[in-house]
file target-v5.cif (mmCIF, C-alpha atoms)
data_query
#
loop_
_atom_site.label_atom_id
_atom_site.label_comp_id
_atom_site.auth_asym_id
_atom_site.auth_seq_id
_atom_site.Cartn_x
_atom_site.Cartn_y
_atom_site.Cartn_z
CA MET A 236 11.60 6.98 8.55
CA TRP A 237 13.27 3.69 8.01
CA SER A 238 16.98 3.65 8.61
CA PRO A 239 19.05 2.69 5.54
CA ARG A 240 20.92 0.28 7.81
CA VAL A 241 17.88 -1.98 7.92
CA ILE A 242 18.20 -2.80 4.24
CA ALA A 243 21.92 -2.25 3.83
CA LEU A 244 22.62 -5.21 6.11
CA LYS A 245 20.97 -7.51 3.60
CA LEU A 246 22.95 -6.36 0.58
CA THR A 247 26.24 -8.05 1.36
CA LYS A 248 25.69 -11.30 -0.52
CA ILE A 249 24.97 -10.66 -4.20
CA SER A 250 26.82 -12.90 -6.61
CA HIS A 251 26.83 -13.61 -10.31
CA SER A 252 29.18 -16.60 -10.53
CA VAL A 253 28.70 -20.32 -9.94
CA GLY A 254 31.71 -20.83 -7.71
CA HIS A 255 31.13 -17.88 -5.42
CA LYS A 256 32.24 -18.46 -1.84
CA ILE A 257 31.33 -16.32 1.12
CA PRO A 258 34.33 -14.35 2.40
CA LEU A 259 35.39 -15.20 5.93
CA CYS A 260 34.73 -11.60 6.94
CA ASN A 261 31.10 -12.05 5.95
CA LEU A 262 30.83 -15.22 8.03
CA LYS A 263 32.22 -13.40 11.04
CA GLY A 264 29.62 -10.70 10.54
CA LEU A 265 26.63 -12.94 10.02
CA HIS A 266 25.37 -12.27 13.52
CA LEU A 267 24.82 -8.68 12.42
CA LEU A 268 22.74 -9.84 9.47
CA CYS A 269 20.46 -11.84 11.75
CA GLY A 270 18.83 -8.68 13.10
CA ARG A 271 15.32 -8.90 11.72
CA LEU A 272 13.22 -5.81 11.33
CA ARG A 273 10.31 -5.78 13.73
CA PHE A 274 7.60 -3.34 14.55
CA SER A 275 6.26 -2.24 17.90
CA SER A 276 2.70 -3.29 18.64
CA ALA A 277 2.05 0.13 20.15
CA ASN A 278 -0.07 2.66 18.30
CA ASN A 279 3.01 4.54 17.15
CA TRP A 280 4.20 1.39 15.42
CA GLY A 281 5.90 3.33 12.62
CA ALA A 282 7.99 5.40 14.99
CA GLU A 283 9.32 2.56 17.13
CA GLN A 284 11.62 -0.03 15.60
CA ARG A 285 13.56 -2.73 17.39
CA PHE A 286 15.87 -5.52 16.46
CA MET A 287 16.58 -8.93 17.85
CA SER A 288 19.69 -9.31 19.89
CA SER A 289 22.81 -8.82 17.78
CA GLU A 290 25.08 -10.63 20.22
CA PRO A 291 27.61 -12.76 18.37
CA LYS A 292 26.64 -16.37 17.88
CA LYS A 293 29.03 -19.23 17.31
CA ILE A 294 28.51 -20.45 13.77
CA ARG A 295 29.89 -23.72 12.47
CA ILE A 296 30.56 -23.30 8.76
CA ASP A 297 29.97 -26.98 8.01
CA GLU A 298 26.46 -26.77 9.51
CA MET A 299 25.42 -23.70 7.56
CA THR A 300 23.38 -23.87 4.37
CA ILE A 301 23.09 -20.52 2.67
CA LYS A 302 20.02 -20.41 0.43
CA LYS A 303 20.28 -18.87 -3.03
CA ILE A 304 17.86 -16.55 -4.78
CA GLY A 305 18.42 -16.66 -8.53
CA THR A 306 17.65 -13.81 -10.91
CA HIS A 307 19.10 -12.58 -14.19
CA ASN A 308 22.28 -10.56 -14.52
CA GLY A 309 22.82 -7.55 -16.78
CA THR A 310 20.27 -4.73 -16.87
CA PHE A 311 18.02 -4.97 -13.84
CA HIS A 312 14.39 -3.91 -13.49
CA CYS A 313 12.12 -2.95 -10.64
CA ASP A 314 10.16 -6.20 -10.61
CA GLU A 315 13.00 -8.60 -9.83
CA VAL A 316 14.61 -6.12 -7.44
CA LEU A 317 11.34 -5.87 -5.51
CA ALA A 318 10.85 -9.65 -5.67
CA CYS A 319 14.32 -10.18 -4.18
CA PHE A 320 13.59 -7.64 -1.45
CA PHE A 321 10.33 -9.40 -0.58
CA LEU A 322 12.07 -12.75 -0.27
CA ARG A 323 14.87 -11.36 1.89
CA GLN A 324 12.27 -10.30 4.50
CA LEU A 325 11.25 -13.93 5.09
CA PRO A 326 13.12 -16.00 7.69
CA GLU A 327 14.09 -18.75 5.26
CA TYR A 328 15.64 -16.26 2.82
CA ALA A 329 16.86 -13.59 5.25
CA GLU A 330 20.50 -14.50 4.69
CA ALA A 331 20.10 -15.77 1.15
CA GLU A 332 22.70 -15.06 -1.49
CA ILE A 333 21.33 -13.32 -4.58
CA VAL A 334 22.84 -15.04 -7.61
CA ARG A 335 22.54 -12.95 -10.76
CA THR A 336 23.05 -15.08 -13.86
CA ARG A 337 21.35 -16.51 -16.94
CA ASP A 338 23.30 -19.77 -16.76
CA ALA A 339 20.66 -22.52 -16.55
CA ALA A 340 23.02 -24.83 -14.65
CA VAL A 341 23.67 -22.18 -12.00
CA LEU A 342 19.98 -21.32 -11.71
CA ALA A 343 19.16 -25.00 -11.25
CA GLU A 344 21.16 -24.94 -8.02
CA CYS A 345 19.20 -21.98 -6.62
CA ASP A 346 16.50 -22.53 -4.02
CA ILE A 347 14.21 -20.01 -5.69
CA VAL A 348 14.40 -18.25 -9.06
CA VAL A 349 12.64 -15.03 -10.06
CA ASP A 350 12.29 -13.23 -13.41
CA VAL A 351 14.45 -15.66 -15.36
CA GLY A 352 14.49 -19.31 -16.38
CA GLY A 353 11.30 -19.46 -18.43
CA GLU A 354 9.30 -21.30 -15.76
CA PHE A 355 6.38 -20.59 -13.50
CA ASP A 356 6.11 -23.44 -11.04
CA PRO A 357 5.33 -22.46 -7.44
CA LYS A 358 5.94 -26.01 -6.20
CA ARG A 359 9.54 -25.73 -7.39
CA HIS A 360 9.80 -22.02 -6.49
CA ARG A 361 10.24 -20.84 -10.08
CA TYR A 362 8.67 -17.45 -10.72
CA ASP A 363 9.31 -16.21 -14.24
CA HIS A 364 6.73 -14.44 -16.39
CA HIS A 365 8.48 -14.03 -19.74
CA GLN A 366 7.46 -17.29 -21.40
CA ARG A 367 4.86 -17.14 -24.21
CA THR A 368 2.49 -19.37 -22.27
CA PHE A 369 2.37 -17.10 -19.22
CA ALA A 370 -0.74 -14.92 -18.92
CA GLU A 371 -1.47 -15.09 -15.20
CA ASN A 372 -2.85 -12.26 -13.11
CA PHE A 373 -4.08 -12.01 -9.54
CA HIS A 374 -7.66 -12.87 -10.53
CA SER A 375 -6.68 -15.93 -12.54
CA LEU A 376 -4.65 -17.36 -9.66
CA CYS A 377 -6.90 -16.06 -6.84
CA PRO A 378 -10.43 -15.72 -8.29
CA GLU A 379 -11.63 -13.82 -5.22
CA LYS A 380 -9.30 -10.92 -6.10
CA PRO A 381 -10.29 -8.39 -8.80
CA TRP A 382 -6.98 -7.39 -10.41
CA VAL A 383 -6.36 -8.53 -13.99
CA THR A 384 -2.99 -6.88 -14.65
CA LYS A 385 -0.49 -9.45 -15.92
CA LEU A 386 1.89 -10.38 -13.11
CA SER A 387 5.61 -9.74 -13.15
CA SER A 388 8.06 -11.50 -10.86
CA ALA A 389 7.24 -8.93 -8.15
CA GLY A 390 3.53 -9.71 -8.30
CA LEU A 391 4.13 -13.46 -8.42
CA VAL A 392 6.30 -13.39 -5.31
CA TYR A 393 3.89 -11.05 -3.56
CA LEU A 394 0.91 -13.28 -4.40
CA HIS A 395 2.61 -16.40 -3.05
CA PHE A 396 4.52 -14.91 -0.11
CA GLY A 397 2.86 -11.54 0.57
CA ARG A 398 0.75 -12.48 3.56
CA ARG A 399 3.68 -14.13 5.33
CA LEU A 400 5.84 -11.15 4.38
CA LEU A 401 3.39 -8.67 5.92
CA ALA A 402 2.85 -10.85 8.98
CA GLN A 403 6.62 -10.97 9.46
CA LEU A 404 7.01 -7.21 9.13
CA THR A 405 3.98 -6.17 11.17
CA GLN A 406 3.87 -8.99 13.72
CA MET A 407 0.19 -9.44 12.87
CA LYS A 408 -1.33 -12.92 12.56
CA GLU A 409 -1.83 -14.26 9.05
CA ASP A 410 -5.54 -14.82 9.67
CA ASP A 411 -6.05 -11.25 10.93
CA ARG A 412 -8.69 -9.53 8.77
CA GLN A 413 -6.69 -6.31 8.92
CA LEU A 414 -3.69 -8.09 7.43
CA ASP A 415 -5.81 -9.12 4.46
CA VAL A 416 -6.85 -5.47 4.03
CA LEU A 417 -3.19 -4.44 4.05
CA PHE A 418 -2.33 -7.20 1.60
CA ASP A 419 -4.91 -5.94 -0.91
CA LYS A 420 -4.04 -2.28 -0.42
CA LEU A 421 -0.31 -2.74 -0.96
CA TYR A 422 -0.86 -4.74 -4.12
CA GLU A 423 -3.31 -2.21 -5.54
CA ASN A 424 -1.26 0.83 -4.58
CA PHE A 425 2.33 -0.40 -4.89
CA VAL A 426 2.99 -3.76 -6.52
CA GLU A 427 0.43 -3.64 -9.36
CA GLU A 428 2.12 -0.58 -10.83
CA VAL A 429 5.42 -2.48 -10.96
CA ASP A 430 3.67 -5.42 -12.66
CA ALA A 431 2.07 -3.17 -15.27
CA VAL A 432 5.21 -1.19 -16.08
CA ASP A 433 7.34 -4.30 -16.45
CA ASN A 434 4.78 -5.92 -18.75
CA GLY A 435 4.31 -2.78 -20.83
CA ILE A 436 0.66 -2.22 -19.87
CA SER A 437 -0.61 1.35 -20.21
CA GLN A 438 -2.83 2.94 -17.58
CA PHE A 439 -5.35 3.94 -20.23
CA ASP A 440 -6.05 3.81 -23.95
CA GLY A 441 -4.95 6.66 -26.20
CA GLU A 442 -2.06 9.11 -26.02
CA ALA A 443 -1.14 10.50 -22.63
CA ARG A 444 -1.28 14.24 -22.05
CA TYR A 445 2.08 14.22 -20.29
CA ALA A 446 4.88 11.84 -19.37
CA VAL A 447 5.39 10.41 -15.89
CA SER A 448 9.11 9.72 -15.48
CA SER A 449 9.50 9.46 -11.71
CA THR A 450 7.82 6.12 -10.98
CA LEU A 451 9.62 3.57 -8.86
CA SER A 452 10.29 1.46 -11.95
CA ALA A 453 11.77 4.47 -13.76
CA ARG A 454 14.06 5.30 -10.83
CA VAL A 455 15.28 1.72 -10.68
CA ALA A 456 15.99 1.80 -14.42
CA HIS A 457 18.08 4.97 -13.99
CA LEU A 458 20.41 3.08 -11.63
CA ASN A 459 21.61 0.91 -14.51
CA PRO A 460 24.84 1.98 -16.25
CA ARG A 461 24.34 4.52 -19.02
CA TRP A 462 24.72 3.16 -22.51
CA ASN A 463 27.99 5.03 -23.03
CA SER A 464 29.51 4.51 -19.58
CA LYS A 465 32.96 2.95 -19.58
CA SER A 466 31.88 0.45 -16.96
CA GLN A 467 28.80 -1.69 -17.63
CA ASP A 468 28.96 -3.44 -14.25
CA THR A 469 25.42 -3.60 -12.86
CA GLU A 470 26.17 -4.99 -9.39
CA ASP A 471 26.49 -1.69 -7.52
CA GLY A 472 23.38 -0.36 -9.18
CA PHE A 473 21.44 -3.49 -8.28
CA LYS A 474 22.42 -3.07 -4.62
CA LYS A 475 21.30 0.57 -4.67
CA ALA A 476 18.01 -0.44 -6.29
CA LEU A 477 17.42 -3.17 -3.69
CA LYS A 478 17.94 -0.62 -0.93
CA MET A 479 15.72 1.97 -2.59
CA VAL A 480 12.72 -0.27 -3.33
CA GLY A 481 12.99 -1.80 0.13
CA GLU A 482 12.89 1.57 1.84
CA GLU A 483 9.93 2.69 -0.25
CA PHE A 484 7.94 -0.48 0.38
CA LEU A 485 8.58 -0.33 4.13
CA ASP A 486 7.65 3.34 4.21
CA ARG A 487 4.39 2.60 2.37
CA LEU A 488 3.65 -0.32 4.68
CA ASP A 489 4.31 1.94 7.68
CA PHE A 490 1.83 4.50 6.34
CA TYR A 491 -0.92 1.98 5.69
CA LYS A 492 -0.37 0.22 9.02
CA SER A 493 -0.05 3.27 11.27
CA SER A 494 -2.24 5.84 9.49
CA TRP A 495 -4.50 4.33 6.83
CA LEU A 496 -5.78 1.38 8.87
CA PRO A 497 -6.55 3.48 11.98
CA ALA A 498 -8.56 5.85 9.75
CA ARG A 499 -10.52 2.89 8.44
CA ALA A 500 -11.29 1.86 12.03
CA VAL A 501 -12.58 5.37 12.79
CA VAL A 502 -14.87 5.35 9.74
CA GLU A 503 -16.05 1.82 10.53
CA GLN A 504 -16.98 2.86 14.07
CA ALA A 505 -18.84 5.87 12.72
CA PHE A 506 -20.81 3.55 10.47
CA LYS A 507 -21.86 1.46 13.45
CA GLU A 508 -23.06 4.55 15.34
CA ARG A 509 -24.67 6.42 12.43
CA ASN A 510 -28.27 5.70 13.46
CA GLN A 511 -27.55 7.24 16.85
CA VAL A 512 -26.47 10.44 15.11
CA ASP A 513 -29.58 10.68 12.94
CA PRO A 514 -32.42 8.15 12.41
CA SER A 515 -31.92 8.36 8.65
CA GLY A 516 -28.54 6.62 9.01
CA GLU A 517 -27.24 8.98 6.32
CA VAL A 518 -24.98 11.13 8.51
CA LEU A 519 -21.60 10.08 9.92
CA LEU A 520 -20.03 11.83 12.89
CA PHE A 521 -16.27 11.99 13.44
CA SER A 522 -15.49 13.36 16.88
CA GLN A 523 -11.95 14.23 15.78
CA GLY A 524 -11.18 16.10 12.58
CA GLY A 525 -8.46 15.38 10.08
CA CYS A 526 -9.33 11.73 9.48
CA PRO A 527 -9.20 10.83 5.74
CA TRP A 528 -12.61 9.24 5.28
CA LYS A 529 -13.70 9.21 1.63
CA GLU A 530 -11.91 6.09 0.41
CA HIS A 531 -12.93 4.12 3.50
CA LEU A 532 -16.52 5.32 3.31
CA PHE A 533 -17.03 4.00 -0.23
CA ALA A 534 -15.27 0.73 0.55
CA LEU A 535 -17.29 0.12 3.72
CA GLU A 536 -20.59 1.00 2.06
CA LYS A 537 -19.91 -1.74 -0.47
CA GLU A 538 -18.52 -4.18 2.08
CA LEU A 539 -21.38 -3.69 4.55
CA ASP A 540 -24.04 -3.51 1.81
CA VAL A 541 -25.41 -0.21 3.13
CA GLU A 542 -28.99 0.37 1.94
CA SER A 543 -29.08 4.18 2.30
CA PRO A 544 -25.87 5.80 1.03
CA ILE A 545 -24.24 8.27 3.40
CA LYS A 546 -25.00 11.87 2.46
CA PHE A 547 -23.07 13.94 5.03
CA VAL A 548 -20.15 13.72 7.43
CA LEU A 549 -19.70 15.96 10.46
CA TYR A 550 -16.34 16.79 12.06
CA PRO A 551 -14.63 19.57 14.04
CA ASP A 552 -12.06 21.83 12.41
CA LEU A 553 -8.81 23.06 13.95
CA ASN A 554 -10.63 25.97 15.64
CA GLY A 555 -13.14 23.74 17.38
CA GLN A 556 -15.96 24.76 15.06
CA TRP A 557 -17.90 22.14 13.11
CA ARG A 558 -18.13 21.25 9.46
CA VAL A 559 -20.89 19.52 7.53
CA GLN A 560 -19.45 18.07 4.33
CA CYS A 561 -21.37 16.44 1.51
CA VAL A 562 -20.32 12.97 0.41
CA PRO A 563 -19.25 13.03 -3.25
CA ALA A 564 -20.97 10.83 -5.81
CA GLY A 565 -17.69 8.97 -6.32
CA LEU A 566 -14.12 8.94 -5.10
CA ASN A 567 -12.76 11.02 -7.99
CA THR A 568 -15.61 13.39 -8.72
CA PHE A 569 -16.67 16.84 -7.50
CA GLN A 570 -20.36 15.99 -7.85
CA ASN A 571 -22.17 15.41 -4.55
CA ARG A 572 -24.82 12.91 -3.59
CA LEU A 573 -26.81 15.70 -1.97
CA PRO A 574 -25.46 19.28 -1.91
CA LEU A 575 -26.49 21.81 0.69
CA PRO A 576 -29.50 23.95 -0.35
CA GLU A 577 -28.89 26.34 -3.21
CA GLU A 578 -30.32 29.34 -1.33
CA TRP A 579 -27.73 28.88 1.46
CA ARG A 580 -24.71 28.88 -0.84
CA GLY A 581 -22.36 31.83 -0.53
CA VAL A 582 -24.23 33.23 2.50
CA ARG A 583 -22.41 33.71 5.81
CA ASP A 584 -22.81 34.22 9.56
CA GLU A 585 -25.96 35.92 10.88
CA ALA A 586 -27.44 36.25 7.41
CA LEU A 587 -27.15 32.49 6.94
CA SER A 588 -28.56 31.75 10.41
CA GLU A 589 -31.54 33.99 9.71
CA LEU A 590 -32.10 32.48 6.26
CA SER A 591 -31.83 28.86 7.44
CA GLY A 592 -33.37 29.25 10.87
CA ILE A 593 -30.35 27.50 12.40
CA LYS A 594 -28.31 29.20 15.14
CA GLY A 595 -24.53 29.54 14.89
CA CYS A 596 -24.14 29.23 11.12
CA ILE A 597 -20.76 30.34 9.76
CA PHE A 598 -20.89 29.71 6.01
CA VAL A 599 -21.95 27.49 3.14
CA HIS A 600 -19.52 27.25 0.24
CA ALA A 601 -20.71 28.63 -3.07
CA GLY A 602 -20.33 25.14 -4.50
CA GLY A 603 -22.67 23.72 -1.88
CA PHE A 604 -20.33 20.90 -0.88
CA ILE A 605 -19.44 22.07 2.63
CA GLY A 606 -20.76 24.32 5.38
CA GLY A 607 -19.81 25.41 8.88
CA ASN A 608 -21.46 25.98 12.23
CA LYS A 609 -20.20 26.95 15.65
CA THR A 610 -21.55 23.77 17.25
CA GLN A 611 -21.94 20.07 16.49
CA GLU A 612 -25.70 20.39 16.97
CA GLY A 613 -25.86 23.25 14.49
CA ALA A 614 -23.89 21.36 11.84
CA LEU A 615 -26.12 18.31 12.33
CA GLU A 616 -29.22 20.48 11.95
CA MET A 617 -27.87 21.81 8.65
CA ALA A 618 -27.54 18.23 7.41
CA ARG A 619 -31.03 17.31 8.68
CA ARG A 620 -32.69 20.30 7.04
CA THR A 621 -31.04 19.39 3.75
CA LEU A 622 -32.23 15.78 4.01
CA GLN A 623 -35.75 16.95 4.85
CA ALA A 624 -35.83 19.36 1.90
CA ALA A 625 -34.68 16.61 -0.46
CA ALA A 626 -37.44 14.30 0.81
CA GLN A 627 -40.20 16.82 0.08
CA PRO A 628 -41.94 16.68 -3.31
CA PRO A 629 -41.34 19.61 -5.67
CA ALA A 630 -43.47 22.68 -4.98
CA ASN A 631 -45.34 22.31 -8.30
CA GLY A 632 -46.21 18.70 -7.45
CA SER A 633 -44.41 17.27 -10.49
CA SER A 634 -42.28 14.17 -10.09
#
call {"tool": "encode", "arguments": {"input": "target-v5.cif", "output": "structure tokens"}}
result
Amino acid sequence: MWSPRVIALKLTKISHSVGHKIPLCNLKGLHLLCGRLRFSSANNWGAEQRFMSSEPKKIRIDEMTIKKIGTHNGTFHCDEVLACFFLRQLPEYAEAEIVRTRDAAVLAECDIVVDVGGEFDPKRHRYDHHQRTFAENFHSLCPEKPWVTKLSSAGLVYLHFGRRLLAQLTQMKEDDRQLDVLFDKLYENFVEEVDAVDNGISQFDGEARYAVSSTLSARVAHLNPRWNSKSQDTEDGFKKALKMVGEEFLDRLDFYKSSWLPARAVVEQAFKERNQVDPSGEVLLFSQGGCPWKEHLFALEKELDVESPIKFVLYPDLNGQWRVQCVPAGLNTFQNRLPLPEEWRGVRDEALSELSGIKGCIFVHAGGFIGGNKTQEGALEMARRTLQAAAQPPANGSS
């Protein structure tokens, strides 16, 4: 779990006035702010965190140029909070002051401006999305990407800086194929939601069956002052929001880097070896159980242009026995590409072994989507018999 100190160190310089000066105490503590979050290259990357040396460095005030990130003041939203967090992870903005204002003259002095100013101009580092002329999405700016949700300031910053951001946080190279996979995954499963909520885009047409009130955007919104609070100062809430979205993004990145990507590698290796498992190429074998495989299987089938879709996966359970599981027709459906034979369903142990002619059978679920055998060979034979039965013409000879 990421320590709150990692993000708290970056929250000391948030201003909303043009003449803001950095207190001397902050200058004396700048060496503490220079600790950049890094990740161990070991397999337990998420569990090991280290920082650069925090030994005091002599800083000459007249040689320092503190960059400024501009965003609007008043009520804050998840998109600009996340955009500011993203920028603060990059070396050039690590110590940047966040200037919260709507004063055009003040914003003009900022090195980069997000979610305010009425401009989208990457060359000048202006990333607003509120102007009438703005209709950009990931696909319009990067045609090779599929997402068409209108971008907010979070999505704009992620699109332009995301690969460098992830390379900085993971210590992976920007041209690493795995980094590109992470980049896509984190947009699709983290940032796009923020874009959609901020732009008022519903997940689906029609009235929802129930309300979802615990999204990241909703939790950021709740950190704003209540309408009837005596104090309407938003600065403390903005700092809390910056810390919260930062922790959640880093936690999600940790999961995808240390758990999701290794699972993809396991499934990819199983794809390469599938013809050694069975000549049909329609059975995958995972030597270790517990690996989440469905999402990766569908993605890799499409990516590798697999001719014969995978029908079964084999893996051991916690007791050392083996499972044969049917591959569903789609990621979010209970229908299977090829269920286990109907006559096996609901039958167990010796009765199932006698019925199927396969030693060591344990069960076949009544739904036909999964079965068990005492050995890997037995589970594989259950898959093979099912494939063979499906390849035979109907008994009456009709097509």
call {"tool": "resolve_selection", "arguments": {"input": "target-v5.cif", "expression": "the PyMOL selection byres ((chain A and resi 509) around 12)", "output": "PyMOL selection string"}}
result
chain A and resi 502-508+510-521+541+543-549+615
call {"tool": "atom_distance", "arguments": {"input": "target-v5.cif", "atom1": "atom CA of Pro551 of chain A", "atom2": "atom CA of Thr610 of chain A"}}
result
8.7 Å
call {"tool": "atom_distance", "arguments": {"input": "target-v5.cif", "atom1": "atom CA of Arg572 of chain A", "atom2": "atom CA of Phe439 of chain A"}}
result
27.1 Å
call {"tool": "atom_distance", "arguments": {"input": "target-v5.cif", "atom1": "atom CA of Gln324 of chain A", "atom2": "atom CA of Leu400 of chain A"}}
result
6.5 Å
call {"tool": "resolve_selection", "arguments": {"input": "target-v5.cif", "expression": "the PyMOL selection byres ((chain A and resi 476) around 9)", "output": "NGL selection string"}}
result
:A and (311-313 or 316-317 or 454-456 or 458 or 471-475 or 477-481)
call {"tool": "write_last_selection", "arguments": {"input": "target-v5.cif", "atoms": "C-alpha atoms", "output": "PDB file, in the frame of the given file"}}
result
ATOM      1  CA  PHE A 311      18.020  -4.970 -13.840  1.00  0.00           C
ATOM      2  CA  HIS A 312      14.390  -3.910 -13.490  1.00  0.00           C
ATOM      3  CA  CYS A 313      12.120  -2.950 -10.640  1.00  0.00           C
ATOM      4  CA  VAL A 316      14.610  -6.120  -7.440  1.00  0.00           C
ATOM      5  CA  LEU A 317      11.340  -5.870  -5.510  1.00  0.00           C
ATOM      6  CA  ARG A 454      14.060   5.300 -10.830  1.00  0.00           C
ATOM      7  CA  VAL A 455      15.280   1.720 -10.680  1.00  0.00           C
ATOM      8  CA  ALA A 456      15.990   1.800 -14.420  1.00  0.00           C
ATOM      9  CA  LEU A 458      20.410   3.080 -11.630  1.00  0.00           C
ATOM     10  CA  ASP A 471      26.490  -1.690  -7.520  1.00  0.00           C
ATOM     11  CA  GLY A 472      23.380  -0.360  -9.180  1.00  0.00           C
ATOM     12  CA  PHE A 473      21.440  -3.490  -8.280  1.00  0.00           C
ATOM     13  CA  LYS A 474      22.420  -3.070  -4.620  1.00  0.00           C
ATOM     14  CA  LYS A 475      21.300   0.570  -4.670  1.00  0.00           C
ATOM     15  CA  LEU A 477      17.420  -3.170  -3.690  1.00  0.00           C
ATOM     16  CA  LYS A 478      17.940  -0.620  -0.930  1.00  0.00           C
ATOM     17  CA  MET A 479      15.720   1.970  -2.590  1.00  0.00           C
ATOM     18  CA  VAL A 480      12.720  -0.270  -3.330  1.00  0.00           C
ATOM     19  CA  GLY A 481      12.990  -1.800   0.130  1.00  0.00           C
TER      20      GLY A 481
END
call {"tool": "closest_residue", "arguments": {"input": "target-v5.cif", "among": "A:Lys408, A:His600, A:Arg337, A:Lys303", "to": "Glu577 of chain A", "atoms": "only C-alpha atoms"}}
result
A:His600
call {"tool": "closest_residue", "arguments": {"input": "target-v5.cif", "among": "A:Thr306, A:Arg558, A:Ile347, A:Glu578", "to": "Ile597 of chain A", "atoms": "all atoms listed in the file"}}
result
A:Arg558
call {"tool": "residues_around", "arguments": {"input": "target-v5.cif", "residues": "Glu344 of chain A", "least_positions_apart": "2", "cutoff": "10 Å", "atoms": "only C-alpha atoms", "output": "PyMOL selection string"}}
result
chain A and resi 253+302-305+339-342+346-348
call {"tool": "resolve_selection", "arguments": {"input": "target-v5.cif", "expression": "the PyMOL selection byres ((chain A and resi 624) around 12)", "output": "list of chain:residue names"}}
result
A:Leu573, A:Pro574, A:Leu575, A:Pro576, A:Glu577, A:Glu578, A:Ser591, A:Met617, A:Ala618, A:Arg619, A:Arg620, A:Thr621, A:Leu622, A:Gln623, A:Ala625, A:Ala626, A:Gln627, A:Pro628, A:Pro629, A:Ala630
call {"tool": "residues_around", "arguments": {"input": "target-v5.cif", "residues": "Leu488 of chain A", "least_positions_apart": "4", "cutoff": "10 Å", "atoms": "all atoms listed in the file", "output": "PyMOL selection string"}}
result
chain A and resi 281+401+404-405+417-418+420-421+425+482-484+492-495
call {"tool": "decode", "arguments": {"input": "target-v5.cif", "residues": "segment 564-575 of chain A", "atoms": "N, CA, C and O atoms", "output": "short mmCIF file (atom, residue, chain, number, x, y, z; two decimals), in the first residue's frame"}}
result
data_model
loop_
_atom_site.label_atom_id
_atom_site.label_comp_id
_atom_site.auth_asym_id
_atom_site.auth_seq_id
_atom_site.Cartn_x
_atom_site.Cartn_y
_atom_site.Cartn_z
N ALA A 564 -18.42 -17.52 -24.17
CA ALA A 564 -18.56 -16.94 -25.51
C ALA A 564 -18.07 -15.49 -25.54
O ALA A 564 -17.66 -14.99 -26.58
N GLY A 565 -18.12 -14.83 -24.40
CA GLY A 565 -17.66 -13.45 -24.29
C GLY A 565 -17.27 -13.15 -22.86
O GLY A 565 -17.54 -13.95 -21.95
N LEU A 566 -16.68 -11.99 -22.66
CA LEU A 566 -16.13 -11.67 -21.34
C LEU A 566 -17.22 -11.53 -20.29
O LEU A 566 -17.01 -11.86 -19.12
N ASN A 567 -18.39 -11.05 -20.67
CA ASN A 567 -19.45 -10.79 -19.70
C ASN A 567 -20.70 -11.63 -19.97
O ASN A 567 -21.83 -11.15 -19.88
N THR A 568 -20.49 -12.89 -20.31
CA THR A 568 -21.62 -13.78 -20.56
C THR A 568 -21.37 -15.11 -19.87
O THR A 568 -20.23 -15.51 -19.64
N PHE A 569 -22.48 -15.81 -19.55
CA PHE A 569 -22.38 -17.14 -18.96
C PHE A 569 -22.50 -18.23 -20.01
O PHE A 569 -22.42 -19.41 -19.69
N GLN A 570 -22.71 -17.86 -21.27
CA GLN A 570 -22.75 -18.84 -22.34
C GLN A 570 -21.33 -19.29 -22.66
O GLN A 570 -20.39 -18.50 -22.58
N ASN A 571 -21.18 -20.56 -23.03
CA ASN A 571 -19.86 -21.11 -23.30
C ASN A 571 -19.69 -21.44 -24.77
O ASN A 571 -20.65 -21.75 -25.48
N ARG A 572 -18.44 -21.35 -25.22
CA ARG A 572 -18.16 -21.70 -26.61
C ARG A 572 -18.46 -23.18 -26.86
O ARG A 572 -18.99 -23.54 -27.91
N LEU A 573 -18.10 -24.01 -25.91
CA LEU A 573 -18.38 -25.44 -26.02
C LEU A 573 -18.51 -26.01 -24.60
O LEU A 573 -17.50 -26.25 -23.93
N PRO A 574 -19.73 -26.25 -24.13
CA PRO A 574 -19.89 -26.81 -22.78
C PRO A 574 -19.54 -28.29 -22.76
O PRO A 574 -19.51 -28.97 -23.79
N LEU A 575 -19.26 -28.79 -21.58
CA LEU A 575 -19.01 -30.21 -21.40
C LEU A 575 -20.29 -31.00 -21.71
O LEU A 575 -21.40 -30.46 -21.59
#
